[in-house]
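Source file: work.cif. Holds: mmCIF, C-alpha atoms, pLDDT in the B column; chains and numbers go by the auth columns.
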```
data_protein
#
loop_
_atom_site.group_PDB
_atom_site.id
_atom_site.type_symbol
_atom_site.label_atom_id
_atom_site.label_comp_id
_atom_site.label_asym_id
_atom_site.label_seq_id
_atom_site.Cartn_x
_atom_site.Cartn_y
_atom_site.Cartn_z
_atom_site.B_iso_or_equiv
_atom_site.auth_seq_id
_atom_site.auth_asym_id
ATOM 1 C CA MET A 1 42.659 -1.441 -0.625 56.00 1 M
ATOM 2 C CA ALA A 2 43.741 0.887 2.197 55.00 2 M
ATOM 3 C CA GLU A 3 40.078 1.416 3.111 58.00 3 M
ATOM 4 C CA ARG A 4 39.534 -2.358 3.378 53.00 4 M
ATOM 5 C CA LYS A 5 42.643 -2.761 5.551 52.00 5 M
ATOM 6 C CA ARG A 6 41.482 0.019 7.844 53.00 6 M
ATOM 7 C CA SER A 7 38.037 -1.674 8.177 53.00 7 M
ATOM 8 C CA LEU A 8 39.663 -4.988 9.114 47.00 8 M
ATOM 9 C CA VAL A 9 41.872 -3.328 11.743 47.00 9 M
ATOM 10 C CA LEU A 10 38.858 -1.515 13.203 47.00 10 M
ATOM 11 C CA ALA A 11 36.787 -4.726 13.271 47.00 11 M
ATOM 12 C CA SER A 12 39.648 -6.599 15.004 48.00 12 M
ATOM 13 C CA ALA A 13 40.007 -3.836 17.592 47.00 13 M
ATOM 14 C CA LEU A 14 36.261 -3.914 18.340 43.00 14 M
ATOM 15 C CA LEU A 15 36.294 -7.724 18.668 42.00 15 M
ATOM 16 C CA LEU A 16 39.262 -7.564 21.051 41.00 16 M
ATOM 17 C CA ALA A 17 37.572 -4.871 23.174 41.00 17 M
ATOM 18 C CA ALA A 18 34.341 -6.925 23.355 39.00 18 M
ATOM 19 C CA THR A 19 36.295 -9.991 24.468 36.00 19 M
ATOM 20 C CA VAL A 20 38.078 -8.096 27.237 36.00 20 M
ATOM 21 C CA VAL A 21 34.848 -6.496 28.512 35.00 21 M
ATOM 22 C CA THR A 22 32.988 -9.829 28.460 34.00 22 M
ATOM 23 C CA GLY A 23 35.813 -11.590 30.281 34.00 23 M
ATOM 24 C CA CYS A 24 35.843 -8.955 33.024 33.00 24 M
ATOM 25 C CA ALA A 25 32.063 -9.065 33.481 30.00 25 M
ATOM 26 C CA ALA A 26 32.095 -12.833 34.111 24.00 26 M
ATOM 27 C CA GLU A 27 34.525 -12.561 37.048 26.00 27 M
ATOM 28 C CA PRO A 28 32.837 -11.453 40.308 24.00 28 M
ATOM 29 C CA VAL A 29 34.696 -9.156 42.669 24.00 29 M
ATOM 30 C CA ALA A 30 33.989 -11.361 45.718 28.00 30 M
ATOM 31 C CA ASP A 31 32.060 -14.578 45.893 36.00 31 M
ATOM 32 C CA THR A 32 30.201 -14.252 49.184 34.00 32 M
ATOM 33 C CA LYS A 33 28.247 -17.465 48.631 41.00 33 M
ATOM 34 C CA ALA A 34 31.485 -19.410 48.364 39.00 34 M
ATOM 35 C CA GLU A 35 32.778 -17.828 51.585 40.00 35 M
ATOM 36 C CA ALA A 36 29.526 -18.622 53.398 43.00 36 M
ATOM 37 C CA SER A 37 29.609 -22.261 52.316 49.00 37 M
ATOM 38 C CA LYS A 38 33.209 -22.670 53.543 56.00 38 M
ATOM 39 C CA ASN A 39 32.321 -21.412 57.046 63.00 39 M
ATOM 40 C CA PRO A 40 28.586 -21.979 57.581 78.00 40 M
ATOM 41 C CA ALA A 41 27.129 -20.259 60.628 90.00 41 M
ATOM 42 C CA ILE A 42 25.916 -22.289 63.582 95.00 42 M
ATOM 43 C CA ARG A 43 22.214 -21.636 63.973 95.00 43 M
ATOM 44 C CA THR A 44 20.115 -22.184 67.079 96.00 44 M
ATOM 45 C CA ASP A 45 16.635 -21.337 65.792 95.00 45 M
ATOM 46 C CA THR A 46 14.361 -24.370 65.921 96.00 46 M
ATOM 47 C CA ALA A 47 11.435 -23.215 63.746 95.00 47 M
ATOM 48 C CA PRO A 48 12.943 -24.151 60.318 94.00 48 M
ATOM 49 C CA LEU A 49 13.779 -27.642 61.616 95.00 49 M
ATOM 50 C CA ALA A 50 10.402 -28.064 63.321 95.00 50 M
ATOM 51 C CA ARG A 51 8.559 -27.183 60.081 94.00 51 M
ATOM 52 C CA ARG A 52 10.480 -29.828 58.129 94.00 52 M
ATOM 53 C CA LEU A 53 10.618 -32.482 60.856 95.00 53 M
ATOM 54 C CA PRO A 54 7.220 -32.444 62.588 95.00 54 M
ATOM 55 C CA THR A 55 7.419 -36.196 63.153 94.00 55 M
ATOM 56 C CA LEU A 56 10.189 -35.679 65.728 95.00 56 M
ATOM 57 C CA GLY A 57 7.843 -33.827 68.073 95.00 57 M
ATOM 58 C CA ARG A 58 8.897 -30.765 70.056 96.00 58 M
ATOM 59 C CA ILE A 59 12.476 -29.626 69.500 97.00 59 M
ATOM 60 C CA VAL A 60 13.629 -28.062 72.773 97.00 60 M
ATOM 61 C CA SER A 61 16.962 -26.756 71.445 97.00 61 M
ATOM 62 C CA ALA A 62 19.146 -27.143 68.379 98.00 62 M
ATOM 63 C CA HIS A 63 22.580 -26.387 66.959 97.00 63 M
ATOM 64 C CA TRP A 64 22.710 -26.763 63.219 97.00 64 M
ATOM 65 C CA GLN A 65 24.380 -25.755 59.960 95.00 65 M
ATOM 66 C CA GLN A 66 23.321 -25.622 56.345 93.00 66 M
ATOM 67 C CA GLU A 67 25.879 -25.727 53.544 88.00 67 M
ATOM 68 C CA ALA A 68 25.432 -25.243 49.817 81.00 68 M
ATOM 69 C CA PRO A 69 28.802 -26.186 48.284 70.00 69 M
ATOM 70 C CA GLY A 70 27.504 -25.744 44.736 61.00 70 M
ATOM 71 C CA ALA A 71 26.182 -22.225 45.344 53.00 71 M
ATOM 72 C CA ASP A 72 29.443 -20.666 44.128 54.00 72 M
ATOM 73 C CA SER A 73 29.372 -22.519 40.813 52.00 73 M
ATOM 74 C CA ARG A 74 29.329 -20.415 37.653 54.00 74 M
ATOM 75 C CA VAL A 75 27.307 -23.118 35.893 50.00 75 M
ATOM 76 C CA PRO A 76 23.560 -22.589 36.335 53.00 76 M
ATOM 77 C CA GLY A 77 21.634 -25.461 37.829 51.00 77 M
ATOM 78 C CA PRO A 78 20.146 -26.792 41.061 64.00 78 M
ATOM 79 C CA THR A 79 22.052 -26.416 44.320 78.00 79 M
ATOM 80 C CA ASP A 80 22.083 -29.124 46.993 86.00 80 M
ATOM 81 C CA TYR A 81 21.678 -28.090 50.622 90.00 81 M
ATOM 82 C CA PHE A 82 23.469 -30.181 53.250 93.00 82 M
ATOM 83 C CA VAL A 83 22.049 -29.986 56.775 95.00 83 M
ATOM 84 C CA SER A 84 23.783 -31.137 59.954 96.00 84 M
ATOM 85 C CA ALA A 85 21.708 -30.715 63.114 97.00 85 M
ATOM 86 C CA LEU A 86 21.988 -31.704 66.754 97.00 86 M
ATOM 87 C CA MET A 87 18.515 -31.455 68.298 98.00 87 M
ATOM 88 C CA GLU A 88 17.385 -32.000 71.867 98.00 88 M
ATOM 89 C CA LEU A 89 13.795 -33.230 71.969 97.00 89 M
ATOM 90 C CA ALA A 90 11.217 -33.084 74.743 96.00 90 M
ATOM 91 C CA PRO A 91 11.905 -35.613 77.527 96.00 91 M
ATOM 92 C CA GLY A 92 10.947 -39.162 76.546 96.00 92 M
ATOM 93 C CA SER A 93 10.575 -38.318 72.832 96.00 93 M
ATOM 94 C CA VAL A 94 13.493 -40.420 71.592 96.00 94 M
ATOM 95 C CA ALA A 95 12.303 -43.476 73.504 96.00 95 M
ATOM 96 C CA ALA A 96 8.821 -43.048 72.018 95.00 96 M
ATOM 97 C CA LEU A 97 10.146 -42.556 68.461 95.00 97 M
ATOM 98 C CA THR A 98 12.383 -45.614 68.595 95.00 98 M
ATOM 99 C CA ALA A 99 10.199 -47.960 70.677 93.00 99 M
ATOM 100 C CA SER A 100 8.830 -50.050 67.809 89.00 100 M
ATOM 101 C CA THR A 101 11.961 -50.162 65.636 90.00 101 M
ATOM 102 C CA LYS A 102 15.024 -52.373 65.775 93.00 102 M
ATOM 103 C CA LEU A 103 18.011 -50.117 66.411 94.00 103 M
ATOM 104 C CA GLN A 104 21.667 -50.683 65.619 94.00 104 M
ATOM 105 C CA PRO A 105 24.528 -49.192 67.650 93.00 105 M
ATOM 106 C CA ALA A 106 26.365 -46.523 65.648 93.00 106 M
ATOM 107 C CA VAL A 107 29.729 -44.815 66.015 88.00 107 M
ATOM 108 C CA LEU A 108 29.603 -41.448 64.298 86.00 108 M
ATOM 109 C CA GLY A 109 32.767 -40.861 62.331 78.00 109 M
ATOM 110 C CA ALA A 110 33.389 -44.584 61.847 71.00 110 M
ATOM 111 C CA GLU A 111 34.001 -45.728 58.285 69.00 111 M
ATOM 112 C CA SER A 112 30.967 -48.029 58.425 69.00 112 M
ATOM 113 C CA GLU A 113 28.645 -45.097 59.228 73.00 113 M
ATOM 114 C CA ASN A 114 30.136 -42.701 56.653 76.00 114 M
ATOM 115 C CA THR A 115 28.746 -39.844 58.788 85.00 115 M
ATOM 116 C CA ALA A 116 30.492 -37.620 61.308 90.00 116 M
ATOM 117 C CA ILE A 117 29.358 -34.653 63.356 93.00 117 M
ATOM 118 C CA PRO A 118 31.102 -31.573 61.915 93.00 118 M
ATOM 119 C CA ALA A 119 33.848 -30.182 64.137 92.00 119 M
ATOM 120 C CA GLU A 120 31.924 -26.915 64.622 93.00 120 M
ATOM 121 C CA LEU A 121 28.960 -28.829 66.105 95.00 121 M
ATOM 122 C CA ALA A 122 30.856 -31.520 68.023 93.00 122 M
ATOM 123 C CA GLU A 123 31.071 -29.429 71.220 94.00 123 M
ATOM 124 C CA PHE A 124 27.260 -29.418 71.409 96.00 124 M
ATOM 125 C CA ALA A 125 26.929 -33.229 71.257 96.00 125 M
ATOM 126 C CA PRO A 126 26.010 -34.901 74.553 95.00 126 M
ATOM 127 C CA ALA A 127 29.033 -36.244 76.427 93.00 127 M
ATOM 128 C CA GLY A 128 29.279 -40.033 76.291 93.00 128 M
ATOM 129 C CA ALA A 129 26.424 -40.352 73.793 95.00 129 M
ATOM 130 C CA GLN A 130 25.440 -43.918 72.873 96.00 130 M
ATOM 131 C CA TRP A 131 24.193 -43.360 69.322 96.00 131 M
ATOM 132 C CA VAL A 132 21.763 -45.774 67.694 96.00 132 M
ATOM 133 C CA HIS A 133 20.413 -45.793 64.146 96.00 133 M
ATOM 134 C CA SER A 134 17.619 -47.289 62.047 95.00 134 M
ATOM 135 C CA ASN A 135 17.243 -47.108 58.257 94.00 135 M
ATOM 136 C CA THR A 136 13.478 -47.428 58.739 94.00 136 M
ATOM 137 C CA LEU A 137 13.350 -44.230 60.807 95.00 137 M
ATOM 138 C CA ASP A 138 15.541 -42.393 58.262 95.00 138 M
ATOM 139 C CA GLU A 139 12.888 -43.053 55.626 93.00 139 M
ATOM 140 C CA SER A 140 9.772 -42.572 57.735 93.00 140 M
ATOM 141 C CA LEU A 141 10.709 -39.464 59.734 95.00 141 M
ATOM 142 C CA VAL A 142 12.451 -37.264 57.124 94.00 142 M
ATOM 143 C CA ARG A 143 11.541 -36.145 53.596 93.00 143 M
ATOM 144 C CA ALA A 144 14.860 -35.528 51.858 93.00 144 M
ATOM 145 C CA ASP A 145 17.035 -36.687 48.973 93.00 145 M
ATOM 146 C CA SER A 146 19.014 -38.581 51.604 94.00 146 M
ATOM 147 C CA ALA A 147 18.938 -38.521 55.395 95.00 147 M
ATOM 148 C CA LYS A 148 20.481 -40.260 58.384 95.00 148 M
ATOM 149 C CA LEU A 149 19.133 -39.932 61.930 96.00 149 M
ATOM 150 C CA TYR A 150 21.104 -40.951 65.003 97.00 150 M
ATOM 151 C CA PHE A 151 19.517 -41.102 68.451 97.00 151 M
ATOM 152 C CA ASP A 152 20.897 -40.901 71.990 97.00 152 M
ATOM 153 C CA LEU A 153 18.172 -42.118 74.329 96.00 153 M
ATOM 154 C CA ALA A 154 19.760 -40.897 77.577 96.00 154 M
ATOM 155 C CA SER A 155 19.875 -37.234 76.488 97.00 155 M
ATOM 156 C CA ASP A 156 16.868 -37.230 74.110 97.00 156 M
ATOM 157 C CA THR A 157 19.208 -35.985 71.390 98.00 157 M
ATOM 158 C CA VAL A 158 18.884 -36.589 67.658 97.00 158 M
ATOM 159 C CA TYR A 159 21.634 -35.947 65.124 97.00 159 M
ATOM 160 C CA LEU A 160 20.475 -35.377 61.535 97.00 160 M
ATOM 161 C CA SER A 161 22.725 -35.475 58.472 95.00 161 M
ATOM 162 C CA ALA A 162 20.683 -34.840 55.326 95.00 162 M
ATOM 163 C CA VAL A 163 20.615 -33.458 51.804 93.00 163 M
ATOM 164 C CA ASN A 164 17.709 -31.295 50.614 92.00 164 M
ATOM 165 C CA VAL A 165 15.273 -31.636 53.514 92.00 165 M
ATOM 166 C CA ARG A 166 11.772 -30.813 52.308 91.00 166 M
ATOM 167 C CA LEU A 167 8.568 -29.734 53.976 89.00 167 M
ATOM 168 C CA PRO A 168 6.306 -32.699 54.760 84.00 168 M
ATOM 169 C CA ASN A 169 3.592 -31.637 52.277 76.00 169 M
ATOM 170 C CA ALA A 170 5.868 -30.141 49.615 59.00 170 M
ATOM 171 C CA ALA A 171 5.396 -31.352 46.072 50.00 171 M
ATOM 172 C CA THR A 172 8.222 -33.340 44.519 49.00 172 M
ATOM 173 C CA VAL A 173 8.924 -32.889 40.819 47.00 173 M
ATOM 174 C CA HIS A 174 10.304 -35.834 38.849 45.00 174 M
ATOM 175 C CA VAL A 175 11.011 -36.199 35.159 48.00 175 M
ATOM 176 C CA GLY A 176 8.607 -38.657 33.563 50.00 176 M
ATOM 177 C CA PRO A 177 9.462 -41.245 30.899 55.00 177 M
ATOM 178 C CA ASP A 178 8.532 -38.759 28.169 55.00 178 M
ATOM 179 C CA GLY A 179 10.950 -36.151 29.553 51.00 179 M
ATOM 180 C CA ASN A 180 8.199 -33.898 30.928 51.00 180 M
ATOM 181 C CA PRO A 181 8.053 -32.930 34.614 47.00 181 M
ATOM 182 C CA VAL A 182 5.641 -34.892 36.793 45.00 182 M
ATOM 183 C CA THR A 183 4.633 -33.314 40.109 43.00 183 M
ATOM 184 C CA ILE A 184 3.907 -35.697 42.943 44.00 184 M
ATOM 185 C CA THR A 185 2.112 -34.187 45.924 44.00 185 M
ATOM 186 C CA PRO A 186 2.035 -36.395 48.985 46.00 186 M
ATOM 187 C CA THR A 187 -1.478 -37.236 50.125 45.00 187 M
ATOM 188 C CA PRO A 188 -2.156 -36.849 53.824 44.00 188 M
ATOM 189 C CA PRO A 189 -2.931 -40.118 55.578 42.00 189 M
ATOM 190 C CA SER A 190 -6.652 -40.886 55.587 41.00 190 M
ATOM 191 C CA PRO A 191 -8.243 -40.767 59.012 39.00 191 M
ATOM 192 C CA LYS A 192 -8.859 -44.147 60.618 41.00 192 M
ATOM 193 C CA PRO A 193 -12.525 -45.120 60.720 42.00 193 M
ATOM 194 C CA PRO A 194 -14.032 -44.907 64.196 42.00 194 M
ATOM 195 C CA THR A 195 -14.122 -48.219 65.982 44.00 195 M
ATOM 196 C CA SER A 196 -17.506 -49.278 67.235 42.00 196 M
ATOM 197 C CA THR A 197 -17.751 -50.238 70.859 44.00 197 M
ATOM 198 C CA PRO A 198 -20.292 -52.820 72.006 43.00 198 M
#
```

Spit out the file's structure as structure tokens when you get a sec.
Amino acid sequence: MAERKRSLVLASALLLAATVVTGCAAEPVADTKAEASKNPAIRTDTAPLARRLPTLGRIVSAHWQQEAPGADSRVPGPTDYFVSALMELAPGSVAALTASTKLQPAVLGAESENTAIPAELAEFAPAGAQWVHSNTLDESLVRADSAKLYFDLASDTVYLSAVNVRLPNAATVHVGPDGNPVTITPTPPSPKPPTSTP
């Protein structure tokens, strides 16, 4: 009887020790990802934006941030990346991009737009910008889960607010009706046939 009691006490002590050790292991000392997402750095390199947004043409300069609010989650799963970018394009680029599209005036930060330039980037926005927007250009110029583009013609500036911006030729994986992943790779546009001249 005493032997059985001693075994139970020993088993309980081991279980308690395992619980304490496991609990400590799950708690990180410092969550650097969480800190980074609270205060994302302002970047000025244009190459990452140019690779993902070739349809905008040459990006002369940029001030941008990328946040991943879910990166500090302890639950495994995909992380969304939020990009806010003010980009100055080559002279005349905004006029060329918007020439064939009906544009609507936009006030960034207004409730109707549901988009605002983050405070950290606001100082880099052109003074007195007259922003315009087009849903058609959002869809045709950016590959992302969601994206909004705002243009200021006078300064050739574009403001991008987007989630999960992808490379133009990157494959997109969807879940098919049977629950299996289906990879969709965008096909490049076929070249136009040469026109015959008389």

Expanded to explicit residues, what is the PyMOL selection byres ((chain M and resi 135) around 12) for this file, as a PyMOL selection string?
chain M and resi 98+101-104+106+113+132-134+136-142+146-150

Once the PyMOL selection byres ((chain M and resi 48-56) around 12) has been applied to the shown file, what residues remain in the selection, as a ChimeraX atom specification?
/M:43-47,57-66,83-98,137-144,147,149,151,156-160,162,164-170

Coordinates-based distance that separates atom CA of M:Leu153 from atom CA of M:Ala99 (Å, one decimal)
10.5 Å

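Atom CA of M:Val163 is found 9.7 Å from atom CA of M:Ala68.
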
Nearest residue to M:Phe82 out of M:Pro118, M:Asp152, M:Gln130, M:Ala110, using only C-alpha atoms?
M:Pro118

Could you tell me how far atom CA of M:Ala116 lies from atom CA of M:Trp131, in Å and to one decimal?
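One can read the atom CA of M:Ala116 to atom CA of M:Trp131 distance as 11.7 Å.
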
Please list, as a list of chain:residue names, the residues that have an atom at most 8 Å away from (24.9, -32.7, 74.3) in the coordinates of this file, counting all atoms listed in the file.
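These residues have at least one counted atom within 8 Å: M:Glu88, M:Glu123, M:Phe124, M:Ala125, M:Pro126, M:Ala127, M:Ala129, M:Ser155, M:Thr157.
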